[in-house]
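Novice: My questions will all concern the structure given below.
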Amino acid sequence: MKKILITGALGQIGSELTSHLRNIYGVNNVVASSKTRNEESRIVEEGPFEIVDVLKVEDIAETVKKYDIDSIIHLAALLSAVGEGNPALAWKVNVDGLFNVLEVARETKCAVFTPSSIAAFGPSTPPDKTPQDTLQRPTTMYGVTKVSGELLCDYYFKKFGVDTRGVRYPGLISYETLPGGGTTDYAVHIYYDAIQKGKFTCYLKEGTAMDMMYMPDALDAIVQLMEADPNKLVHRNAFNITAMSFTPEKIFAEIKKHLPEFSMDYHVDPIRQEIADSWPNSLDDSVAREEWGWNPKYDLSSMTVDMLAKLREKLCK
């Protein structure tokens, strides 16, 4: 990667990835983009920024040409809970938007990274240590769009030689930017409430296990995969990656080690619970480890220490 365009750059992943890539490749070599401009975002102020609506192929093409882009990190998407509220828009943004990106990449010889998700699996998928290659029959529109995206990326690589790459992210946890409507969002909000309120109400029931990852590992995964030797990539797209699997009571217990007065109760959201129950409990990421050396740095314990320290600094100024 030399000249990079990031779509959805003001979202949960994009806002941190933009700064991360600018530190590696240089500020002027990483172009952030979003459908709207947020003048308060440091991303807009610290380097190149363009208004790009991924549903308008001309927006993507003009920006790629203007900056001589060679790699597109395509993050613009609607997440799981939001997608269930508006499935038609989820399809348009998540599938039609990706199709537009892939078409521009085909014409301009760009490489493309786009994330898939554990939502690409469904209730008929083996739930424990879910294999890289297995049955995928998701029951959410978000999951349907992610499976469609995986297949589209495979098609554009095999049919047109577009250098497509991607991972299946688990839930992502960050102290920088709040998530935007995913089922795993509780695992971010619990840290905020632990510090600000001393108590937390969980919308998933006790015993709901899901894979999670701390944002620094999620950002490293993109760089590692995009810089990997293409000759070693058998799968290329939709690599299972994970760092930890836990239930609400397990993350609560870990936080309580540092905040003994912290308490938690439950008020289950049936929509999010149904989504969570359809996803795997844990993923097998051995293929990513073998093909491009995936190796996360954070587990639940080390993530909790860092999250609480960073959030205290952020919230208690």
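Residue names in the structure tokens use chain letters A, B, ... in the order shown, residue numbers from 1 in each chain, and ligand numbers from 1 in the order shown.
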Write out as a list in words which residues come within 8 Å of Gly11 in chain A when counting only C-alpha atoms, dropping same-chain ones fewer than 4 positions away.
Specialist: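 The residues that qualify are Ser15, Ala76, Thr177, Pro179 and Gly180 of chain A.
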Novice: Mind writing the picked residues with C-alpha atoms as a PDB file, in the first residue's frame?
Specialist:
```
ATOM      1  CA  SER A  15     -11.547   6.897  12.697  1.00  0.00           C
ATOM      2  CA  ALA A  76     -18.633   2.077   4.827  1.00  0.00           C
ATOM      3  CA  THR A 177     -14.982   5.902  19.193  1.00  0.00           C
ATOM      4  CA  PRO A 179     -19.746   1.749  18.090  1.00  0.00           C
ATOM      5  CA  GLY A 180     -22.632   2.399  15.742  1.00  0.00           C
TER       6      GLY A 180
END
```
Novice: Using only C-alpha atoms, which residues sit within 9 Å of Ile43 in chain A once same-chain residues fewer than 3 positions away are excluded, as a list in words?
Specialist: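 Residues meeting the cut-off are Ala9, Leu10, Ser15, Glu16, Thr18, Ser19, Ala32, Asn38, Glu39, Glu40, Glu46, Gly47, Pro48 and Phe49 of chain A.
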Novice: Would you kindly return, as a PyMOL selection string, each protein, DNA or RNA residue with an atom no farther than 9 Å from any atom of Arg37 in chain A, considering only C-alpha atoms and excluding same-chain residues fewer than 4 positions away?
Specialist: chain A and resi 10+33+41+44+49-51
Novice: Measuring atom to atom with only C-alpha atoms, identify which of A:Lys65, A:Arg42, A:His20, A:Lys297 is nearest to Ile222 in chain A.
Specialist: A:His20
